[in-house]
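*Asks:* Submitted below is the structure of interest, expressed as structure tokens.
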Amino acid sequence: MKKRPLSIVLITLFYLLEPAGNLLQAAFINDMPLFGRYGILNHLYWSDWVVLCLFPIVAVGVYGVRKWGWYLFMAFSVLLIGYNLVVYFFFNPLYTPETILLFILIITGISALFLRKHVYSPYFNPRLRWWETAPRYRVILETDVSTKEGSFHCETVDISESGCFVETAEPIKEGEPVWLR
């Protein structure tokens with residue numbers, strides 16, 4: 001069985017590690033230690049904790065390649081963009097506009113990746129999760145198909161241990177038994 005696509009693994013790792021990255025970034029920007037009485041952990045709002053806790057949940061959704069994971073990722077991306085704007089304008093003036101803009105561009109870029117058809121398709125169609133299925137091999141074979149209604153000529157274009165794909169001009173009813181030669 002093949003592994004998940006590298007992009008899914010990398011985005012999952014990024015989202016798993018991002019809470020630590022956010023804490024280190026906040027400590028650096030605010031010139032505060034990470035731990036201790038005056039540490040950044042003692043100065044987080046409840047909303048900061050919610051956002052930090054959502055990162056690993058989103059990572060699980062991305063890695064699971066399920067519909068809910070895609071929707072959660074997109075909703076979380078919008079939430080992050082809005083949250084960063086609110087933090088910049090109302091809570092922490094130490095963040096520069098360039099920092100906020102860079103973070104928003106990164107989130108927008110990753111989200112745009114998830115809007116590409118070949119990326120979001122496996123989230124909605126389990127048959128497209130090629131890493132969970134037997135490998136398919138491209139072949140070009142002249143094939144004769146026999147059905148209850150007769151025989152006709154076609155071409156087999158790929159084959160796997162679970163079946164094959166044929167290109168034919170003749171209609172074949174779904175679920176109808178066929179014989180290939």
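Each chain in the structure tokens gets a letter, A, B and so on, in the order shown; residues start at 1 in every chain, and ligands are counted from 1 in the order they appear.
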Please provide the set of residues having any atom within 9 Å of Val65 (chain A), restricted to only C-alpha atoms, with same-chain residues fewer than 5 positions apart removed, written as number ranges by chain.
*Replies:* A: 8, 60, 70, 120, 122-124, 126, 129
*Asks:* Let's have the selection written as a tab-separated table (two decimals), in the first residue's frame, with all heavy atoms.
*Replies:*
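The resulting file, part_4.tsv, is reproduced below:
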```
chain	number	residue	atom	x	y	z
A	8	ILE	N	-0.05	16.20	1.94
A	8	ILE	CA	-0.94	15.97	3.08
A	8	ILE	C	-0.12	15.74	4.35
A	8	ILE	O	-0.43	16.26	5.42
A	8	ILE	CB	-1.90	14.79	2.80
A	8	ILE	CG1	-2.93	15.22	1.75
A	8	ILE	CG2	-2.58	14.31	4.07
A	8	ILE	CD1	-3.87	14.14	1.31
A	60	VAL	N	-5.53	16.34	12.28
A	60	VAL	CA	-6.15	15.00	12.19
A	60	VAL	C	-7.13	14.96	11.03
A	60	VAL	O	-7.17	13.98	10.27
A	60	VAL	CB	-6.84	14.64	13.53
A	60	VAL	CG1	-7.70	13.40	13.38
A	60	VAL	CG2	-5.80	14.43	14.61
A	70	TRP	N	-11.82	18.38	5.33
A	70	TRP	CA	-11.67	19.45	4.34
A	70	TRP	C	-12.45	20.69	4.78
A	70	TRP	O	-11.94	21.80	4.76
A	70	TRP	CB	-12.14	18.98	2.97
A	70	TRP	CG	-11.86	19.96	1.88
A	70	TRP	CD1	-10.70	20.05	1.15
A	70	TRP	CD2	-12.72	20.99	1.38
A	70	TRP	NE1	-10.80	21.07	0.24
A	70	TRP	CE2	-12.04	21.66	0.36
A	70	TRP	CE3	-14.01	21.40	1.70
A	70	TRP	CZ2	-12.59	22.72	-0.34
A	70	TRP	CZ3	-14.57	22.46	0.99
A	70	TRP	CH2	-13.85	23.11	-0.01
A	120	TYR	N	-8.67	18.46	-3.43
A	120	TYR	CA	-9.89	18.24	-2.64
A	120	TYR	C	-10.69	17.02	-3.09
A	120	TYR	O	-11.51	16.50	-2.33
A	120	TYR	CB	-10.76	19.49	-2.59
A	120	TYR	CG	-11.54	19.85	-3.84
A	120	TYR	CD1	-12.65	19.13	-4.23
A	120	TYR	CD2	-11.16	20.94	-4.61
A	120	TYR	CE1	-13.37	19.47	-5.36
A	120	TYR	CE2	-11.86	21.29	-5.75
A	120	TYR	CZ	-12.98	20.55	-6.12
A	120	TYR	OH	-13.68	20.89	-7.24
A	122	PRO	N	-10.00	13.73	-3.36
A	122	PRO	CA	-9.97	12.56	-2.47
A	122	PRO	C	-10.75	12.76	-1.17
A	122	PRO	O	-11.18	11.80	-0.55
A	122	PRO	CB	-8.49	12.36	-2.17
A	122	PRO	CG	-7.77	13.05	-3.25
A	122	PRO	CD	-8.65	14.19	-3.67
A	123	TYR	N	-10.95	14.02	-0.76
A	123	TYR	CA	-11.70	14.27	0.46
A	123	TYR	C	-13.19	13.96	0.26
A	123	TYR	O	-13.90	13.69	1.22
A	123	TYR	CB	-11.54	15.73	0.90
A	123	TYR	CG	-10.21	15.99	1.56
A	123	TYR	CD1	-9.09	16.30	0.81
A	123	TYR	CD2	-10.06	15.89	2.93
A	123	TYR	CE1	-7.86	16.52	1.40
A	123	TYR	CE2	-8.85	16.10	3.54
A	123	TYR	CZ	-7.75	16.41	2.77
A	123	TYR	OH	-6.54	16.61	3.37
A	124	PHE	N	-13.66	14.02	-0.98
A	124	PHE	CA	-15.08	13.82	-1.25
A	124	PHE	C	-15.38	12.52	-1.97
A	124	PHE	O	-16.52	12.10	-2.01
A	124	PHE	CB	-15.62	15.01	-2.07
A	124	PHE	CG	-15.60	16.28	-1.29
A	124	PHE	CD1	-14.53	17.15	-1.38
A	124	PHE	CD2	-16.64	16.59	-0.42
A	124	PHE	CE1	-14.50	18.32	-0.63
A	124	PHE	CE2	-16.62	17.75	0.32
A	124	PHE	CZ	-15.54	18.61	0.22
A	126	PRO	N	-13.97	8.70	-1.92
A	126	PRO	CA	-13.03	7.73	-1.37
A	126	PRO	C	-12.34	6.87	-2.44
A	126	PRO	O	-11.25	6.38	-2.22
A	126	PRO	CB	-13.89	6.85	-0.46
A	126	PRO	CG	-15.09	7.66	-0.15
A	126	PRO	CD	-15.30	8.56	-1.33
A	129	ARG	N	-8.69	7.90	-3.42
A	129	ARG	CA	-7.58	7.81	-2.46
A	129	ARG	C	-6.65	6.69	-2.91
A	129	ARG	O	-6.68	5.58	-2.39
A	129	ARG	CB	-8.11	7.57	-1.06
A	129	ARG	CG	-8.95	8.71	-0.57
A	129	ARG	CD	-9.42	8.48	0.86
A	129	ARG	NE	-10.45	9.45	1.12
A	129	ARG	CZ	-11.60	9.18	1.70
A	129	ARG	NH1	-11.86	7.97	2.15
A	129	ARG	NH2	-12.50	10.12	1.88
```
*Asks:* If we count only C-alpha atoms and set the cut-off at 9 Å, which residues sit around region 137-154 of chain A, ignoring sequence neighbours fewer than 2 positions away in its own chain? Please answer as a PDB file with N, CA and C atoms, in the first residue's frame.
*Replies:*
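Output file result.pdb is given in full below:
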```pdb
ATOM      1  N   PRO A 135      -2.498  -0.914  -6.504  1.00  0.00           N
ATOM      2  CA  PRO A 135      -1.943  -0.127  -7.623  1.00  0.00           C
ATOM      3  C   PRO A 135      -2.582  -0.522  -8.951  1.00  0.00           C
ATOM      4  N   THR A 156      -8.732  -2.446 -23.239  1.00  0.00           N
ATOM      5  CA  THR A 156      -8.455  -2.335 -21.803  1.00  0.00           C
ATOM      6  C   THR A 156      -7.309  -1.342 -21.649  1.00  0.00           C
ATOM      7  N   VAL A 157      -7.497  -0.337 -20.771  1.00  0.00           N
ATOM      8  CA  VAL A 157      -6.474   0.713 -20.625  1.00  0.00           C
ATOM      9  C   VAL A 157      -5.739   0.667 -19.297  1.00  0.00           C
ATOM     10  N   ASP A 158      -6.322   0.034 -18.263  1.00  0.00           N
ATOM     11  CA  ASP A 158      -5.543  -0.194 -17.051  1.00  0.00           C
ATOM     12  C   ASP A 158      -6.110  -1.399 -16.321  1.00  0.00           C
ATOM     13  N   ILE A 159      -5.257  -1.965 -15.456  1.00  0.00           N
ATOM     14  CA  ILE A 159      -5.631  -3.196 -14.772  1.00  0.00           C
ATOM     15  C   ILE A 159      -5.034  -3.171 -13.366  1.00  0.00           C
ATOM     16  N   SER A 160      -5.736  -3.795 -12.423  1.00  0.00           N
ATOM     17  CA  SER A 160      -5.240  -3.941 -11.056  1.00  0.00           C
ATOM     18  C   SER A 160      -5.746  -5.262 -10.515  1.00  0.00           C
ATOM     19  N   VAL A 166     -12.009  -0.485 -19.095  1.00  0.00           N
ATOM     20  CA  VAL A 166     -12.066  -0.663 -20.541  1.00  0.00           C
ATOM     21  C   VAL A 166     -12.731   0.548 -21.177  1.00  0.00           C
ATOM     22  N   GLU A 167     -12.241   0.907 -22.357  1.00  0.00           N
ATOM     23  CA  GLU A 167     -12.870   1.961 -23.149  1.00  0.00           C
ATOM     24  C   GLU A 167     -13.673   1.276 -24.235  1.00  0.00           C
ATOM     25  N   THR A 168     -14.965   1.596 -24.284  1.00  0.00           N
ATOM     26  CA  THR A 168     -15.849   0.940 -25.225  1.00  0.00           C
ATOM     27  C   THR A 168     -16.891   1.915 -25.755  1.00  0.00           C
ATOM     28  N   ALA A 169     -17.321   1.675 -26.971  1.00  0.00           N
ATOM     29  CA  ALA A 169     -18.391   2.485 -27.546  1.00  0.00           C
ATOM     30  C   ALA A 169     -19.752   1.886 -27.190  1.00  0.00           C
ATOM     31  N   GLU A 170     -19.749   0.630 -26.786  1.00  0.00           N
ATOM     32  CA  GLU A 170     -20.994  -0.067 -26.435  1.00  0.00           C
ATOM     33  C   GLU A 170     -21.329   0.181 -24.961  1.00  0.00           C
ATOM     34  N   ILE A 172     -22.509  -0.693 -21.258  1.00  0.00           N
ATOM     35  CA  ILE A 172     -22.553  -1.856 -20.370  1.00  0.00           C
ATOM     36  C   ILE A 172     -23.342  -1.440 -19.145  1.00  0.00           C
ATOM     37  N   GLU A 176     -23.936  -5.635 -14.409  1.00  0.00           N
ATOM     38  CA  GLU A 176     -24.125  -6.737 -15.336  1.00  0.00           C
ATOM     39  C   GLU A 176     -22.829  -7.563 -15.414  1.00  0.00           C
ATOM     40  N   PRO A 177     -22.940  -8.900 -15.307  1.00  0.00           N
ATOM     41  CA  PRO A 177     -21.715  -9.700 -15.421  1.00  0.00           C
ATOM     42  C   PRO A 177     -21.192  -9.659 -16.864  1.00  0.00           C
ATOM     43  N   VAL A 178     -19.862  -9.543 -16.977  1.00  0.00           N
ATOM     44  CA  VAL A 178     -19.212  -9.528 -18.286  1.00  0.00           C
ATOM     45  C   VAL A 178     -18.044 -10.506 -18.283  1.00  0.00           C
ATOM     46  N   TRP A 179     -17.672 -10.947 -19.457  1.00  0.00           N
ATOM     47  CA  TRP A 179     -16.520 -11.831 -19.617  1.00  0.00           C
ATOM     48  C   TRP A 179     -15.562 -11.137 -20.573  1.00  0.00           C
ATOM     49  N   LEU A 180     -14.305 -11.118 -20.218  1.00  0.00           N
ATOM     50  CA  LEU A 180     -13.277 -10.484 -21.039  1.00  0.00           C
ATOM     51  C   LEU A 180     -12.345 -11.535 -21.613  1.00  0.00           C
ATOM     52  N   ARG A 181     -11.924 -11.287 -22.866  1.00  0.00           N
ATOM     53  CA  ARG A 181     -10.937 -12.155 -23.499  1.00  0.00           C
ATOM     54  C   ARG A 181      -9.914 -11.293 -24.193  1.00  0.00           C
TER      55      ARG A 181
END
```
*Asks:* Please indicate the distance in Å from CA of Arg127 (chain A) to CA of Gly69 (chain A), rounded to one decimal place.
*Replies:* 16.7 Å
*Asks:* From the options A:Ala20, A:Tyr83, A:Phe103, A:Gly61, which residue's atoms come nearest to Leu34 (chain A), counting only C-alpha atoms?
*Replies:* A:Ala20
*Asks:* Would you please give, as a list of chain:residue names, all residues of chain A that DSSP assigns to strand (DSSP E or B) based on the backbone?
*Replies:* A:Tyr137, A:Arg138, A:Val139, A:Ile140, A:Leu141, A:Glu142, A:Thr143, A:Asp144, A:Val145, A:Ser146, A:Thr147, A:Gly150, A:Ser151, A:Phe152, A:His153, A:Cys154, A:Glu155, A:Thr156, A:Val157, A:Asp158, A:Ile159, A:Ser160, A:Gly163, A:Cys164, A:Phe165, A:Val166, A:Glu167, A:Trp179, A:Leu180
*Asks:* Could you write out the selected residues, including N, CA and C atoms, as a CSV table (one decimal), in the first residue's frame?
*Replies:*
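Full text of selection.csv as output:
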```csv
chain,number,residue,atom,x,y,z
A,137,TYR,N,-2.1,-0.5,-13.2
A,137,TYR,CA,-1.1,-0.5,-14.2
A,137,TYR,C,-1.7,-0.2,-15.5
A,138,ARG,N,-1.0,0.8,-16.2
A,138,ARG,CA,-1.5,1.2,-17.5
A,138,ARG,C,-1.1,0.2,-18.5
A,139,VAL,N,-2.1,-0.3,-19.3
A,139,VAL,CA,-1.9,-1.3,-20.4
A,139,VAL,C,-2.7,-0.9,-21.5
A,140,ILE,N,-2.4,-1.3,-22.7
A,140,ILE,CA,-3.2,-1.2,-23.9
A,140,ILE,C,-3.4,-2.6,-24.4
A,141,LEU,N,-4.6,-3.1,-24.2
A,141,LEU,CA,-4.9,-4.5,-24.6
A,141,LEU,C,-6.1,-4.5,-25.5
A,142,GLU,N,-6.1,-5.1,-26.6
A,142,GLU,CA,-7.3,-5.4,-27.4
A,142,GLU,C,-8.1,-6.4,-26.7
A,143,THR,N,-9.4,-6.1,-26.5
A,143,THR,CA,-10.2,-7.0,-25.6
A,143,THR,C,-11.5,-7.2,-26.3
A,144,ASP,N,-12.0,-8.5,-26.1
A,144,ASP,CA,-13.4,-8.8,-26.5
A,144,ASP,C,-14.2,-8.9,-25.3
A,145,VAL,N,-15.4,-8.3,-25.2
A,145,VAL,CA,-16.3,-8.3,-24.1
A,145,VAL,C,-17.5,-9.1,-24.5
A,146,SER,N,-17.9,-10.0,-23.6
A,146,SER,CA,-19.1,-10.8,-23.8
A,146,SER,C,-20.1,-10.5,-22.7
A,147,THR,N,-21.3,-10.2,-23.1
A,147,THR,CA,-22.4,-9.9,-22.2
A,147,THR,C,-23.6,-10.8,-22.6
A,150,GLY,N,-24.6,-10.0,-26.1
A,150,GLY,CA,-23.7,-10.3,-27.2
A,150,GLY,C,-22.3,-9.9,-26.9
A,151,SER,N,-21.5,-9.9,-27.9
A,151,SER,CA,-20.0,-9.6,-27.8
A,151,SER,C,-19.7,-8.4,-28.6
A,152,PHE,N,-18.6,-7.7,-28.2
A,152,PHE,CA,-18.1,-6.6,-29.0
A,152,PHE,C,-16.7,-6.4,-28.6
A,153,HIS,N,-16.0,-5.6,-29.4
A,153,HIS,CA,-14.6,-5.3,-29.3
A,153,HIS,C,-14.3,-4.0,-28.5
A,154,CYS,N,-13.3,-4.0,-27.7
A,154,CYS,CA,-13.0,-2.7,-26.9
A,154,CYS,C,-11.5,-2.8,-26.6
A,155,GLU,N,-11.1,-1.8,-25.8
A,155,GLU,CA,-9.7,-1.7,-25.4
A,155,GLU,C,-9.6,-1.6,-23.9
A,156,THR,N,-8.7,-2.4,-23.2
A,156,THR,CA,-8.5,-2.3,-21.8
A,156,THR,C,-7.3,-1.3,-21.6
A,157,VAL,N,-7.5,-0.3,-20.8
A,157,VAL,CA,-6.5,0.7,-20.6
A,157,VAL,C,-5.7,0.7,-19.3
A,158,ASP,N,-6.3,0.0,-18.3
A,158,ASP,CA,-5.5,-0.2,-17.1
A,158,ASP,C,-6.1,-1.4,-16.3
A,159,ILE,N,-5.3,-2.0,-15.5
A,159,ILE,CA,-5.6,-3.2,-14.8
A,159,ILE,C,-5.0,-3.2,-13.4
A,160,SER,N,-5.7,-3.8,-12.4
A,160,SER,CA,-5.2,-3.9,-11.1
A,160,SER,C,-5.7,-5.3,-10.5
A,163,GLY,N,-9.6,-5.2,-10.6
A,163,GLY,CA,-10.4,-5.0,-11.8
A,163,GLY,C,-9.6,-4.4,-12.9
A,164,CYS,N,-10.4,-3.9,-13.9
A,164,CYS,CA,-9.7,-3.2,-15.0
A,164,CYS,C,-10.7,-2.2,-15.5
A,165,PHE,N,-10.1,-1.3,-16.4
A,165,PHE,CA,-10.9,-0.2,-17.0
A,165,PHE,C,-10.8,-0.4,-18.5
A,166,VAL,N,-12.0,-0.5,-19.1
A,166,VAL,CA,-12.1,-0.7,-20.5
A,166,VAL,C,-12.7,0.5,-21.2
A,167,GLU,N,-12.2,0.9,-22.4
A,167,GLU,CA,-12.9,2.0,-23.1
A,167,GLU,C,-13.7,1.3,-24.2
A,179,TRP,N,-17.7,-10.9,-19.5
A,179,TRP,CA,-16.5,-11.8,-19.6
A,179,TRP,C,-15.6,-11.1,-20.6
A,180,LEU,N,-14.3,-11.1,-20.2
A,180,LEU,CA,-13.3,-10.5,-21.0
A,180,LEU,C,-12.3,-11.5,-21.6
```
*Asks:* Excluding Phe73 (chain A) and its own-chain neighbours fewer than 3 positions away, which residues fall within 9 Å of it when counting only C-alpha atoms? Please give them as a ChimeraX atom specification.
*Replies:* /A:58-59,61-62,68-70,76-78,111,114
*Asks:* Choose the residue, out of A:Met32, A:Leu79, A:Met74, A:Val86, that has the smallest atom-to-atom separation from Gly109 (chain A); count only C-alpha atoms.
*Replies:*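 With only C-alpha atoms as the atom set, the closest residue is A:Met74.
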*Asks:* Nearest residue to Ala134 (chain A) out of A:Glu98, A:Glu161, A:Glu18, A:Asp48, using only C-alpha atoms?
*Replies:* A:Glu161
*Asks:* List every residue of region 9-163 of chain A that DSSP, applied to the backbone of this structure, places in alpha helix (DSSP H), and write the result as a PyMOL selection string.
*Replies:* chain A and resi 9-29+46-64+67-86+97-114+117-124
*Asks:* Taking into account only C-alpha atoms, which residue in the set A:Phe28, A:Trp46, A:Phe89, A:Tyr63 is nearest to Arg4 (chain A)?
*Replies:*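 Using only C-alpha atoms, the shortest distance to Arg4 (chain A) belongs to A:Tyr63.
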*Asks:* Quick one: pull the distance between CA of Pro5 (chain A) and CA of Val119 (chain A), Å, one decimal.
*Replies:* 9.7 Å
*Asks:* Tell me which of A:Thr12, A:Gly64, A:Thr99, A:Tyr38 sits closest to Gln25 (chain A), counting only C-alpha atoms.
*Replies:*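 Of all the options, A:Thr99 lies closest to Gln25 (chain A).
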*Asks:* Please compute the CA of Gly21 (chain A)-CA of Ile40 (chain A) distance, one decimal, in Å.
*Replies:* 12.6 Å
